[in-house]
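Enquirer: I'd like to ask you about the structure that follows.
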Amino acid sequence: MKTSSEKKGNRRATYNITGIAGEYFVAAELSRRGWIAAMTIKNTPNIDVIATTPDGNRTLNIQVKTRSIANRQGWILNKGIETLVPEDNFYIAFVDLKSKDEKPDYFLIPKNLFAKWIAKRHQEWLATPGREGRARVDNPIRAFDRPQFKEFEKYHNNWSI
């Protein structure tokens with residue numbers, strides 16, 4: 001029988017594999033579209049894929065957030081996702097791996113647009129009553145799912161960034 005430490009280790013490995021798969025899918029899609037895309041080393045904060053046009057005139061910094069078929073509750077992020085960046089060439093790629101027989105879905109959203117949206121949404125959540133009408137307690141979790149992407153629909157599988 002596995003110890004709780006071993007189970008946590010297996011879960012962590014699964015999360016890491018899922019995250020890396022999403023990064024590879026994003027890099028592959030960009031490469032397929034003529035970009036030069038490279039994955040960063042794991043300790044690069046907030047940038048998982050860097051892509052540039054062959055002429056070097058445009059560069060993108062992309063943070064990738066991936067969910068697997070086993071994760072149907074949505075993307076779970078921390079409050080760091082609200083951090084604004086100084087440049088407009090930063091994007092977040094949300095990857096939904098779906099099943100093994102389906103192509104992933106992507107949402108390629110400008111980082112600052114998403115950061116402002118999720119911060120506002122969190123403040124709205126804090127302002128609404130929780131269970132039994134109690135005030136909500138702030139926490140570092142920022143969660144959302146596909147139905148909340150309605151206002152981001154123009155970014156769904158849109159690689160014309």
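Quick note on naming: the chains in the structure tokens go A, B, ... in the order shown, residues restart at 1 in each chain, and ligands are numbered from 1 in order of appearance.
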Which polymer residues have any atom within 9 Å of an atom of region 120-124 of chain A, counting only C-alpha atoms, with same-chain residues fewer than 5 positions away left out, as a list in words?

Expert: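 That gives Ala115, Asp138, Arg142 and Ala143 of chain A.
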
Enquirer: From a DSSP calculation on the backbone, collect every residue of chain A in helix (DSSP H, G or I) and output the set as a PyMOL selection string.

Expert: chain A and resi 4-32+79-82+111-127+131-133+146-155

Enquirer: Record the distance separating CA of Pro110 (chain A) and CA of Asp96 (chain A), expressed in Å with one decimal.

Expert: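 Here the two named atoms are 17.5 Å from each other.
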
Enquirer: Please provide as a ChimeraX atom specification all residues within 12 Å of region 116-118 of chain A, with the sequence filter that same-chain residues fewer than 4 positions apart are discarded (counting only C-alpha atoms).

Expert: /A:75-85,109-112,122-125,140-145,148-149,151-152

Enquirer: Any chance you could export the current selection's C-alpha atoms as a CSV table (one decimal), in the first residue's frame?

Expert:
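out.csv was written with the following content:
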chain,number,residue,atom,x,y,z
A,75,TRP,CA,-8.4,25.6,-14.2
A,76,ILE,CA,-7.1,26.2,-10.6
A,77,LEU,CA,-4.7,29.1,-10.4
A,78,ASN,CA,-3.1,31.2,-7.6
A,79,LYS,CA,-3.4,34.9,-7.1
A,80,GLY,CA,-0.1,35.5,-8.9
A,81,ILE,CA,-2.2,35.2,-12.1
A,82,GLU,CA,-3.4,38.7,-11.4
A,83,THR,CA,0.1,40.2,-11.8
A,84,LEU,CA,0.2,42.7,-14.6
A,85,VAL,CA,3.1,42.8,-17.0
A,109,ILE,CA,-5.6,35.5,-24.1
A,110,PRO,CA,-3.5,38.7,-23.5
A,111,LYS,CA,-2.0,38.4,-20.0
A,112,ASN,CA,-3.1,41.8,-18.8
A,122,HIS,CA,-12.4,37.5,-7.4
A,123,GLN,CA,-13.4,40.8,-5.8
A,124,GLU,CA,-17.0,40.2,-7.0
A,125,TRP,CA,-16.9,36.7,-5.4
A,140,PRO,CA,-5.0,32.7,-3.0
A,141,ILE,CA,-7.1,30.4,-5.2
A,142,ARG,CA,-8.4,31.7,-8.5
A,143,ALA,CA,-10.6,29.2,-10.3
A,144,PHE,CA,-12.7,29.3,-13.4
A,145,ASP,CA,-14.1,27.0,-16.1
A,148,GLN,CA,-16.8,31.7,-17.8
A,149,PHE,CA,-14.9,32.1,-21.0
A,151,GLU,CA,-16.3,37.0,-23.0
A,152,PHE,CA,-13.0,35.4,-24.2

Enquirer: Determine which residues of region 23-159 of chain A receive a DSSP assignment of strand (DSSP E), computed from the backbone, and state them as a PyMOL selection string.

Expert: chain A and resi 36-39+49-52+59-67+75-78+90-96+105-110+141-144
